[in-house]
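Dumped data-v7.cif below, it's mmCIF, C-alpha atoms:
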```cif
data_start
#
loop_
_atom_site.group_PDB
_atom_site.id
_atom_site.type_symbol
_atom_site.label_atom_id
_atom_site.label_comp_id
_atom_site.auth_asym_id
_atom_site.auth_seq_id
_atom_site.Cartn_x
_atom_site.Cartn_y
_atom_site.Cartn_z
ATOM 1 C CA MET A 221 220.245 140.269 242.296
ATOM 2 C CA ARG A 222 219.370 141.712 245.730
ATOM 3 C CA GLY A 223 216.484 143.575 244.102
ATOM 4 C CA PHE A 224 215.078 140.301 242.807
ATOM 5 C CA TYR A 225 214.552 138.941 246.291
ATOM 6 C CA ILE A 226 213.166 142.238 247.529
ATOM 7 C CA ILE A 227 210.482 142.407 244.831
ATOM 8 C CA VAL A 228 209.474 138.780 245.330
ATOM 9 C CA PHE A 229 209.178 139.332 249.081
ATOM 10 C CA PHE A 230 207.163 142.497 248.538
ATOM 11 C CA ILE A 231 204.706 140.796 246.203
ATOM 12 C CA ALA A 232 204.278 137.819 248.517
ATOM 13 C CA VAL A 233 203.532 140.107 251.479
ATOM 14 C CA ALA A 234 201.158 142.296 249.481
ATOM 15 C CA CYS A 235 199.180 139.244 248.421
ATOM 16 C CA ASN A 236 199.200 137.510 251.795
ATOM 17 C CA ASN A 237 195.442 137.896 252.118
ATOM 18 C CA SER A 238 194.692 137.117 248.485
ATOM 19 C CA SER A 239 192.947 134.015 247.228
ATOM 20 C CA LYS A 240 195.967 133.145 245.064
ATOM 21 C CA GLN A 241 199.506 133.487 246.311
ATOM 22 C CA VAL A 242 202.356 134.572 244.087
ATOM 23 C CA LYS A 243 204.680 131.739 243.193
ATOM 24 C CA THR A 244 208.256 132.885 243.514
ATOM 25 C CA VAL A 245 211.401 131.846 241.723
ATOM 26 C CA GLY A 246 213.783 130.894 244.478
ATOM 27 C CA VAL A 247 216.964 130.379 242.478
ATOM 28 C CA GLU A 248 218.629 132.764 240.080
ATOM 29 C CA PRO A 249 218.279 131.627 236.420
ATOM 30 C CA GLU A 250 222.035 131.857 235.869
ATOM 31 C CA VAL A 251 222.658 129.438 238.714
ATOM 32 C CA GLU A 252 220.118 127.024 237.274
ATOM 33 C CA ASN A 253 221.819 127.266 233.880
ATOM 34 C CA VAL A 254 218.471 127.795 232.134
ATOM 35 C CA LYS A 255 218.756 129.474 228.745
ATOM 36 C CA VAL A 256 215.169 130.670 228.285
ATOM 37 C CA SER A 257 212.218 131.096 230.642
ATOM 38 C CA LEU A 258 208.539 131.914 230.210
ATOM 39 C CA TYR A 259 206.800 133.859 232.978
ATOM 40 C CA VAL A 260 203.030 134.256 233.312
ATOM 41 C CA LEU A 261 202.574 137.971 234.065
ATOM 42 C CA GLY A 262 198.778 138.036 233.963
ATOM 43 C CA THR A 263 195.795 135.737 233.478
ATOM 44 C CA VAL A 264 192.693 137.966 233.500
ATOM 45 C CA GLN A 265 190.477 139.181 230.640
ATOM 46 C CA ASP A 266 190.859 142.751 229.327
ATOM 47 C CA GLY A 267 188.580 144.460 231.847
ATOM 48 C CA GLY A 268 190.519 143.127 234.824
ATOM 49 C CA SER A 269 189.369 141.870 238.198
ATOM 50 C CA PRO A 270 187.643 143.531 239.937
ATOM 51 C CA HIS A 271 185.709 144.639 236.875
ATOM 52 C CA ILE A 272 184.329 148.137 236.402
ATOM 53 C CA GLY A 273 180.697 148.400 237.463
ATOM 54 C CA CYS A 274 180.526 144.850 238.801
ATOM 55 C CA GLN A 275 178.342 144.454 241.891
ATOM 56 C CA LYS A 276 178.619 140.688 242.102
ATOM 57 C CA GLU A 277 180.382 138.789 244.849
ATOM 58 C CA CYS A 278 183.285 138.014 242.479
ATOM 59 C CA CYS A 279 184.274 141.707 242.567
ATOM 60 C CA SER A 280 182.759 143.336 245.645
ATOM 61 C CA LEU A 281 185.430 142.168 248.080
ATOM 62 C CA LEU A 282 188.228 142.846 245.592
ATOM 63 C CA PHE A 283 187.296 146.520 245.337
ATOM 64 C CA LYS A 284 187.921 146.778 249.079
ATOM 65 C CA SER A 285 190.909 144.437 249.207
ATOM 66 C CA PRO A 286 192.589 144.197 245.768
ATOM 67 C CA ASP A 287 194.428 141.031 244.797
ATOM 68 C CA ALA A 288 197.824 141.903 243.302
ATOM 69 C CA THR A 289 197.842 138.660 241.317
ATOM 70 C CA ARG A 290 194.766 139.691 239.299
ATOM 71 C CA LYS A 291 196.523 141.180 236.272
ATOM 72 C CA VAL A 292 195.446 141.273 232.636
ATOM 73 C CA VAL A 293 196.759 138.449 230.471
ATOM 74 C CA SER A 294 200.420 138.685 229.493
ATOM 75 C CA LEU A 295 203.459 136.448 229.059
ATOM 76 C CA GLY A 296 207.111 137.350 229.413
ATOM 77 C CA PHE A 297 209.978 135.500 227.757
ATOM 78 C CA VAL A 298 213.578 135.867 228.891
ATOM 79 C CA ASP A 299 216.696 134.670 227.107
ATOM 80 C CA HIS A 300 219.016 134.544 230.105
ATOM 81 C CA GLU A 301 222.001 133.539 228.009
ATOM 82 C CA ASN A 302 221.722 136.546 225.682
ATOM 83 C CA LYS A 303 220.323 138.975 228.273
ATOM 84 C CA LYS A 304 217.138 139.805 226.375
ATOM 85 C CA SER A 305 213.495 139.889 227.388
ATOM 86 C CA TYR A 306 210.213 140.091 225.458
ATOM 87 C CA LEU A 307 206.689 140.968 226.493
ATOM 88 C CA PHE A 308 203.579 139.463 224.911
ATOM 89 C CA GLU A 309 200.612 141.856 225.221
ATOM 90 C CA ALA A 310 200.753 145.500 226.340
ATOM 91 C CA THR A 311 198.083 145.514 229.032
ATOM 92 C CA PRO A 312 196.706 148.209 231.337
ATOM 93 C CA ASP A 313 198.841 146.490 234.009
ATOM 94 C CA MET A 314 202.037 146.857 231.987
ATOM 95 C CA PRO A 315 204.001 149.043 234.455
ATOM 96 C CA SER A 316 203.928 146.452 237.234
ATOM 97 C CA GLN A 317 204.305 143.585 234.765
ATOM 98 C CA LEU A 318 207.460 145.088 233.267
ATOM 99 C CA LYS A 319 208.909 145.695 236.709
ATOM 100 C CA LEU A 320 208.260 142.087 237.668
ATOM 101 C CA LEU A 321 209.724 140.858 234.371
ATOM 102 C CA LYS A 322 212.854 142.887 235.026
ATOM 103 C CA GLU A 323 213.306 141.486 238.519
ATOM 104 C CA LEU A 324 212.591 137.906 237.489
ATOM 105 C CA SER A 325 214.906 138.107 234.495
ATOM 106 C CA GLY A 326 217.878 139.575 236.331
ATOM 107 C CA ILE A 327 218.399 141.915 233.357
ATOM 108 C CA ASP A 328 219.014 145.526 234.371
ATOM 109 C CA ASN A 329 216.613 147.103 231.866
ATOM 110 C CA GLU A 330 213.270 148.693 232.699
ATOM 111 C CA THR A 331 211.889 147.885 229.253
ATOM 112 C CA PRO A 332 211.983 144.693 227.181
ATOM 113 C CA ASN A 333 213.747 144.159 223.876
ATOM 114 C CA GLY A 334 210.387 143.830 222.148
ATOM 115 C CA ILE A 335 206.633 143.858 222.730
ATOM 116 C CA PHE A 336 204.349 141.521 220.763
ATOM 117 C CA LEU A 337 200.688 142.423 220.263
ATOM 118 C CA THR A 338 197.839 140.063 219.382
ATOM 119 C CA HIS A 339 195.095 142.557 218.456
ATOM 120 C CA ALA A 340 193.461 145.937 219.049
ATOM 121 C CA HIS A 341 191.213 145.161 222.018
ATOM 122 C CA MET A 342 191.740 147.202 225.148
ATOM 123 C CA GLY A 343 193.552 144.660 227.302
ATOM 124 C CA HIS A 344 196.090 143.753 224.647
ATOM 125 C CA TYR A 345 197.620 146.999 223.420
ATOM 126 C CA THR A 346 196.582 149.992 225.553
ATOM 127 C CA GLY A 347 199.559 149.545 227.872
ATOM 128 C CA LEU A 348 201.579 151.208 225.109
ATOM 129 C CA MET A 349 200.271 154.517 226.504
ATOM 130 C CA TYR A 350 202.801 154.246 229.326
ATOM 131 C CA LEU A 351 205.645 154.548 226.814
ATOM 132 C CA GLY A 352 204.634 158.074 225.758
ATOM 133 C CA ARG A 353 205.897 161.493 226.817
ATOM 134 C CA GLU A 354 203.354 161.704 229.668
ATOM 135 C CA ALA A 355 204.990 158.674 231.284
ATOM 136 C CA LEU A 356 208.208 156.837 230.355
ATOM 137 C CA GLY A 357 209.126 158.700 227.179
ATOM 138 C CA SER A 358 210.796 155.577 225.837
ATOM 139 C CA LYS A 359 213.104 155.432 222.836
ATOM 140 C CA LYS A 360 212.303 153.201 219.863
ATOM 141 C CA ILE A 361 211.032 150.168 221.748
ATOM 142 C CA PRO A 362 210.296 147.508 219.106
ATOM 143 C CA VAL A 363 206.571 146.728 218.950
ATOM 144 C CA TYR A 364 205.711 143.719 216.790
ATOM 145 C CA ALA A 365 202.332 143.779 215.066
ATOM 146 C CA MET A 366 200.533 142.389 212.040
ATOM 147 C CA PRO A 367 199.852 144.754 209.069
ATOM 148 C CA LYS A 368 196.389 145.994 210.131
ATOM 149 C CA MET A 369 197.496 146.416 213.718
ATOM 150 C CA LYS A 370 200.583 148.303 212.547
ATOM 151 C CA SER A 371 198.428 150.602 210.401
ATOM 152 C CA PHE A 372 196.029 151.146 213.295
ATOM 153 C CA LEU A 373 198.852 152.322 215.563
ATOM 154 C CA GLU A 374 200.365 154.559 212.896
ATOM 155 C CA SER A 375 197.084 156.160 211.821
ATOM 156 C CA ASN A 376 195.146 156.767 215.038
ATOM 157 C CA GLY A 377 195.780 158.964 218.037
ATOM 158 C CA PRO A 378 197.187 158.803 220.572
ATOM 159 C CA TRP A 379 199.179 155.858 219.263
ATOM 160 C CA ASP A 380 200.458 157.688 216.189
ATOM 161 C CA GLN A 381 202.194 160.125 218.542
ATOM 162 C CA LEU A 382 204.192 157.240 219.994
ATOM 163 C CA VAL A 383 205.345 156.521 216.458
ATOM 164 C CA ALA A 384 205.996 160.165 215.540
ATOM 165 C CA LEU A 385 208.030 160.778 218.697
ATOM 166 C CA GLU A 386 209.827 157.468 218.209
ATOM 167 C CA ASN A 387 208.759 156.149 221.581
ATOM 168 C CA ILE A 388 208.061 152.922 219.726
ATOM 169 C CA ALA A 389 209.280 151.399 216.460
ATOM 170 C CA VAL A 390 206.551 149.248 214.939
ATOM 171 C CA LYS A 391 207.871 146.062 213.329
ATOM 172 C CA GLU A 392 205.557 144.363 210.853
ATOM 173 C CA LEU A 393 204.806 140.683 211.272
ATOM 174 C CA ASN A 394 203.597 138.361 208.536
ATOM 175 C CA ASN A 395 201.187 135.497 208.957
ATOM 176 C CA GLU A 396 202.961 132.203 209.699
ATOM 177 C CA LYS A 397 206.361 133.722 208.931
ATOM 178 C CA PRO A 398 208.869 132.946 211.715
ATOM 179 C CA ILE A 399 211.196 135.561 213.131
ATOM 180 C CA LYS A 400 214.336 134.769 215.102
ATOM 181 C CA LEU A 401 214.747 137.047 218.094
ATOM 182 C CA THR A 402 217.884 135.480 219.556
ATOM 183 C CA PRO A 403 219.874 132.297 218.908
ATOM 184 C CA ASN A 404 217.624 130.690 221.545
ATOM 185 C CA LEU A 405 214.227 132.195 220.797
ATOM 186 C CA SER A 406 211.960 132.262 217.728
ATOM 187 C CA VAL A 407 208.356 133.367 217.202
ATOM 188 C CA VAL A 408 205.708 132.463 214.615
ATOM 189 C CA PRO A 409 202.532 134.608 214.417
ATOM 190 C CA PHE A 410 199.336 133.159 212.953
ATOM 191 C CA THR A 411 195.889 134.654 212.435
ATOM 192 C CA VAL A 412 192.852 133.395 214.316
ATOM 193 C CA PRO A 413 189.157 134.329 213.948
ATOM 194 C CA HIS A 414 188.009 136.963 216.412
ATOM 195 C CA ARG A 415 186.163 140.292 216.476
ATOM 196 C CA ASP A 416 188.488 142.255 214.216
ATOM 197 C CA GLU A 417 186.979 145.725 214.351
ATOM 198 C CA TYR A 418 190.349 147.510 214.161
ATOM 199 C CA SER A 419 192.960 144.864 213.436
ATOM 200 C CA GLU A 420 193.470 141.212 212.707
ATOM 201 C CA THR A 421 193.908 138.866 215.684
ATOM 202 C CA VAL A 422 196.877 136.556 216.032
ATOM 203 C CA GLY A 423 198.161 133.813 218.245
ATOM 204 C CA TYR A 424 201.822 132.949 218.633
ATOM 205 C CA LYS A 425 204.020 129.896 218.656
ATOM 206 C CA ILE A 426 207.148 130.625 220.674
ATOM 207 C CA MET A 427 210.102 128.266 220.437
ATOM 208 C CA GLY A 428 212.968 127.995 222.892
ATOM 209 C CA PRO A 429 216.016 125.722 222.726
ATOM 210 C CA ASN A 430 214.092 122.670 223.969
ATOM 211 C CA THR A 431 210.457 123.624 224.408
ATOM 212 C CA SER A 432 207.682 125.278 222.370
ATOM 213 C CA VAL A 433 204.627 127.227 223.502
ATOM 214 C CA LEU A 434 201.275 127.993 221.866
ATOM 215 C CA PHE A 435 199.644 131.259 222.987
ATOM 216 C CA ILE A 436 196.046 131.983 221.931
ATOM 217 C CA PRO A 437 194.464 134.309 224.504
ATOM 218 C CA ASP A 438 191.553 135.350 222.263
ATOM 219 C CA ILE A 439 189.662 133.407 219.614
ATOM 220 C CA ASP A 440 186.090 132.766 218.562
ATOM 221 C CA LYS A 441 184.865 129.176 218.611
ATOM 222 C CA TRP A 442 187.552 126.614 217.756
ATOM 223 C CA SER A 443 185.456 125.359 214.828
ATOM 224 C CA LYS A 444 185.832 128.733 213.084
ATOM 225 C CA TRP A 445 189.615 128.422 212.863
ATOM 226 C CA LYS A 446 191.105 126.990 209.679
ATOM 227 C CA SER A 447 193.632 125.057 211.757
ATOM 228 C CA ASN A 448 192.838 122.082 213.962
ATOM 229 C CA ILE A 449 193.497 123.030 217.582
ATOM 230 C CA ILE A 450 194.103 119.408 218.582
ATOM 231 C CA GLU A 451 196.822 119.090 215.946
ATOM 232 C CA GLU A 452 198.344 122.392 217.019
ATOM 233 C CA ILE A 453 198.479 121.223 220.633
ATOM 234 C CA SER A 454 200.235 118.031 219.533
ATOM 235 C CA ASN A 455 202.988 120.117 217.930
ATOM 236 C CA VAL A 456 203.960 122.023 221.085
ATOM 237 C CA ASP A 457 204.905 121.356 224.704
ATOM 238 C CA TYR A 458 202.615 123.954 226.312
ATOM 239 C CA ALA A 459 199.385 125.560 225.101
ATOM 240 C CA TYR A 460 197.996 128.702 226.762
ATOM 241 C CA LEU A 461 194.425 128.852 225.480
ATOM 242 C CA ASP A 462 191.456 131.209 225.657
ATOM 243 C CA ALA A 463 189.293 130.407 228.682
ATOM 244 C CA THR A 464 187.412 133.697 228.976
ATOM 245 C CA PHE A 465 184.143 132.127 230.115
ATOM 246 C CA PHE A 466 183.661 128.838 231.910
ATOM 247 C CA ASP A 467 180.121 128.450 230.541
ATOM 248 C CA GLY A 468 177.166 130.475 229.282
ATOM 249 C CA GLU A 469 175.663 131.015 232.722
ATOM 250 C CA GLU A 470 178.297 133.647 233.468
ATOM 251 C CA ILE A 471 177.037 135.977 230.770
ATOM 252 C CA ASN A 472 173.288 135.425 230.773
ATOM 253 C CA ASN A 473 172.871 139.210 230.703
ATOM 254 C CA ARG A 474 174.991 139.700 227.560
ATOM 255 C CA ASP A 475 174.577 138.749 223.898
ATOM 256 C CA ILE A 476 177.196 136.023 223.389
ATOM 257 C CA SER A 477 177.352 136.850 219.649
ATOM 258 C CA GLU A 478 178.988 140.139 220.640
ATOM 259 C CA ILE A 479 181.707 138.456 222.720
ATOM 260 C CA PRO A 480 182.240 134.970 221.279
ATOM 261 C CA HIS A 481 184.806 132.731 222.918
ATOM 262 C CA PRO A 482 185.093 128.957 223.384
ATOM 263 C CA PHE A 483 183.587 128.137 226.774
ATOM 264 C CA VAL A 484 185.910 126.095 228.980
ATOM 265 C CA ILE A 485 183.296 123.345 229.103
ATOM 266 C CA GLU A 486 183.229 123.320 225.282
ATOM 267 C CA SER A 487 187.019 123.099 225.081
ATOM 268 C CA MET A 488 187.129 120.262 227.596
ATOM 269 C CA GLY A 489 184.470 118.449 225.580
ATOM 270 C CA LEU A 490 186.578 118.854 222.450
ATOM 271 C CA PHE A 491 189.728 117.674 224.221
ATOM 272 C CA GLU A 492 188.194 114.930 226.386
ATOM 273 C CA ASN A 493 189.620 112.030 224.354
ATOM 274 C CA LEU A 494 193.162 113.369 224.324
ATOM 275 C CA PRO A 495 195.814 111.314 226.121
ATOM 276 C CA GLU A 496 196.696 112.541 229.600
ATOM 277 C CA ILE A 497 200.052 113.884 228.401
ATOM 278 C CA GLU A 498 198.297 116.070 225.813
ATOM 279 C CA LYS A 499 195.693 117.373 228.258
ATOM 280 C CA LYS A 500 198.433 118.396 230.667
ATOM 281 C CA LYS A 501 199.886 120.703 228.008
ATOM 282 C CA ILE A 502 196.727 122.807 228.040
ATOM 283 C CA HIS A 503 196.892 125.807 230.361
ATOM 284 C CA PHE A 504 193.645 127.753 230.419
ATOM 285 C CA ILE A 505 194.147 131.537 230.565
ATOM 286 C CA HIS A 506 192.398 134.909 229.932
ATOM 287 C CA PHE A 507 189.664 134.614 232.568
ATOM 288 C CA ASN A 508 186.701 136.957 232.707
ATOM 289 C CA HIS A 509 186.097 138.418 236.179
ATOM 290 C CA THR A 510 183.076 136.100 236.505
ATOM 291 C CA ASN A 511 185.050 132.952 235.671
ATOM 292 C CA PRO A 512 185.202 130.523 238.626
ATOM 293 C CA LEU A 513 188.649 129.389 237.460
ATOM 294 C CA LEU A 514 189.980 132.547 239.120
ATOM 295 C CA ASN A 515 189.056 130.945 242.432
ATOM 296 C CA PRO A 516 191.201 127.901 243.315
ATOM 297 C CA ASN A 517 188.609 126.904 245.894
ATOM 298 C CA SER A 518 185.757 126.669 243.384
ATOM 299 C CA LYS A 519 184.341 123.311 242.347
ATOM 300 C CA GLN A 520 184.971 124.251 238.690
ATOM 301 C CA PHE A 521 188.679 124.898 239.343
ATOM 302 C CA LYS A 522 189.053 121.544 241.063
ATOM 303 C CA SER A 523 187.073 119.798 238.316
ATOM 304 C CA VAL A 524 189.319 121.140 235.553
ATOM 305 C CA LEU A 525 192.444 119.927 237.347
ATOM 306 C CA LYS A 526 190.843 116.557 238.078
ATOM 307 C CA LYS A 527 190.161 116.100 234.369
ATOM 308 C CA GLY A 528 193.865 116.497 233.659
ATOM 309 C CA TYR A 529 194.109 120.094 232.455
ATOM 310 C CA SER A 530 196.218 122.921 233.829
ATOM 311 C CA ILE A 531 195.177 126.439 234.835
ATOM 312 C CA ALA A 532 197.599 129.298 234.304
ATOM 313 C CA SER A 533 198.556 131.118 237.479
ATOM 314 C CA PHE A 534 200.237 134.474 237.989
ATOM 315 C CA SER A 535 204.057 134.183 238.169
ATOM 316 C CA ASP A 536 204.130 130.610 236.848
ATOM 317 C CA ARG A 537 207.456 129.826 235.237
ATOM 318 C CA VAL A 538 208.276 127.445 232.396
ATOM 319 C CA LYS A 539 211.823 126.585 231.388
ATOM 320 C CA LEU A 540 212.249 126.535 227.633
#
```
Just dump the structure as structure tokens.
Amino acid sequence: MRGFYIIVFFIAVACNNSSKQVKTVGVEPEVENVKVSLYVLGTVQDGGSPHIGCQKECCSLLFKSPDATRKVVSLGFVDHENKKSYLFEATPDMPSQLKLLKELSGIDNETPNGIFLTHAHMGHYTGLMYLGREALGSKKIPVYAMPKMKSFLESNGPWDQLVALENIAVKELNNEKPIKLTPNLSVVPFTVPHRDEYSETVGYKIMGPNTSVLFIPDIDKWSKWKSNIIEEISNVDYAYLDATFFDGEEINNRDISEIPHPFVIESMGLFENLPEIEKKKIHFIHFNHTNPLLNPNSKQFKSVLKKGYSIASFSDRVKL
């Protein structure tokens, strides 16, 4: 585990001047006797931060001094007992995210035992390119996807080459049908409304031995979903929910109908009457580069915490 401490030290030093410091895991999972852990490997919207072409203050300094904690949204799950790890979302930041997942997990594998995709938007699947012959040249890494997403990968270049060369093995998921990954870890995919130009969009419910997690990084307005988000939150212990935009002022130069998401202020309005214990479950995630929740010193960040909600942070860990 010497490498574990080295990578944590390296990340902490690299981010010493960043606005958000990396939270480290100071004790080996085996010592803690934890069976399953969740790690937050990224919190930013598809385009990343700094964002291409952005001339605003939110990005200008980051182009000169990048923040290593600003990675595209991804979760990692590790079954320490059975020595298996799983990645949720294949992002453009996947190489560094997989390396961090390896070091945090203590498992001596460069690649996970499976990769779960939510949909065919750039921040959620394009990391698969690193598995091809130009890069890793991996062998049959299981990639879990819904039927349309599976067909998209198998029928369009360059992704179909990953399939043809057996860099990946696409495993078809079915809506609301659970799959058991290990004796300690199960996953249930479910469809959510979103811009489905190339594939359907799904969220996931992930269940460990003692704790369950809801993961919905992308969705249109909550009212468009057939399920009741408040009921879904009540059925889990943690809920990582789409918080792309804090409010409409961020995107006054874009047509919101082209990029619909529930504003954070809308979500908080919907959840305002929840008991404190339910609000605490909610971890906002998937922040656009303009979102003030990326800045822990912003008044919006402090307001969200004051109202009882949580904000996902890079390298957060949850014991399942």
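The shortest atom-to-atom distance to Phe491 of chain A, with all atoms listed in the file taken into account, belongs to A:Tyr529 out of A:Tyr529, A:Pro516, A:Thr510, A:Gln265.
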Selection result for the PyMOL selection byres ((chain A and resi 449) around 12) on this file, as a short mmCIF file (atom, residue, chain, number, x, y, z; two decimals) with C-alpha atoms, keeping the file's coordinate frame:
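Written out: part37.cif:
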```cif
data_model
loop_
_atom_site.label_atom_id
_atom_site.label_comp_id
_atom_site.auth_asym_id
_atom_site.auth_seq_id
_atom_site.Cartn_x
_atom_site.Cartn_y
_atom_site.Cartn_z
CA VAL A 412 192.85 133.40 214.32
CA GLY A 423 198.16 133.81 218.24
CA LEU A 434 201.28 127.99 221.87
CA PHE A 435 199.64 131.26 222.99
CA ILE A 436 196.05 131.98 221.93
CA ILE A 439 189.66 133.41 219.61
CA LYS A 441 184.86 129.18 218.61
CA TRP A 442 187.55 126.61 217.76
CA SER A 443 185.46 125.36 214.83
CA LYS A 444 185.83 128.73 213.08
CA TRP A 445 189.62 128.42 212.86
CA LYS A 446 191.10 126.99 209.68
CA SER A 447 193.63 125.06 211.76
CA ASN A 448 192.84 122.08 213.96
CA ILE A 450 194.10 119.41 218.58
CA GLU A 451 196.82 119.09 215.95
CA GLU A 452 198.34 122.39 217.02
CA ILE A 453 198.48 121.22 220.63
CA SER A 454 200.24 118.03 219.53
CA ASN A 455 202.99 120.12 217.93
CA VAL A 456 203.96 122.02 221.08
CA ALA A 459 199.38 125.56 225.10
CA TYR A 460 198.00 128.70 226.76
CA LEU A 461 194.42 128.85 225.48
CA ASP A 462 191.46 131.21 225.66
CA PRO A 482 185.09 128.96 223.38
CA SER A 487 187.02 123.10 225.08
CA LEU A 490 186.58 118.85 222.45
CA PHE A 491 189.73 117.67 224.22
CA LEU A 494 193.16 113.37 224.32
CA GLU A 498 198.30 116.07 225.81
CA ILE A 502 196.73 122.81 228.04
#
```
Output the residue selection produced by the PyMOL selection byres ((chain A and resi 513) around 9) on the file above, formatted as an MDAnalysis selection string.
-> chainID A and resid 463 466 504 507 510:512 514:522 524 531
Pick out the residues sitting within 7 Å of Gly528 of chain A, and hand them over as an NGL selection string; count all atoms listed in the file, and ignore anything fewer than 2 positions along from it in its own chain.
-> :A and (496 or 499-500 or 524-526 or 530)
Write the residues of the selection above to a file with C-alpha atoms, as an mmCIF file, in the frame of the given file.
```
data_model
loop_
_atom_site.group_PDB
_atom_site.id
_atom_site.type_symbol
_atom_site.label_atom_id
_atom_site.label_comp_id
_atom_site.auth_asym_id
_atom_site.auth_seq_id
_atom_site.Cartn_x
_atom_site.Cartn_y
_atom_site.Cartn_z
ATOM 1 C CA GLU A 496 196.696 112.541 229.600
ATOM 2 C CA LYS A 499 195.693 117.373 228.258
ATOM 3 C CA LYS A 500 198.433 118.396 230.667
ATOM 4 C CA VAL A 524 189.319 121.140 235.553
ATOM 5 C CA LEU A 525 192.444 119.927 237.347
ATOM 6 C CA LYS A 526 190.843 116.557 238.078
ATOM 7 C CA SER A 530 196.218 122.921 233.829
#
```
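For the residues A:Ser523, A:Ser535, A:Thr402, A:Thr263, ranking by smallest atom-to-atom distance to Gly334 of chain A using all atoms listed in the file places A:Thr402 first.
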Between atom CA of Ser406 of chain A and atom CA of Val363 of chain A, measure the distance and give it in Å to one decimal.
-> 15.5 Å
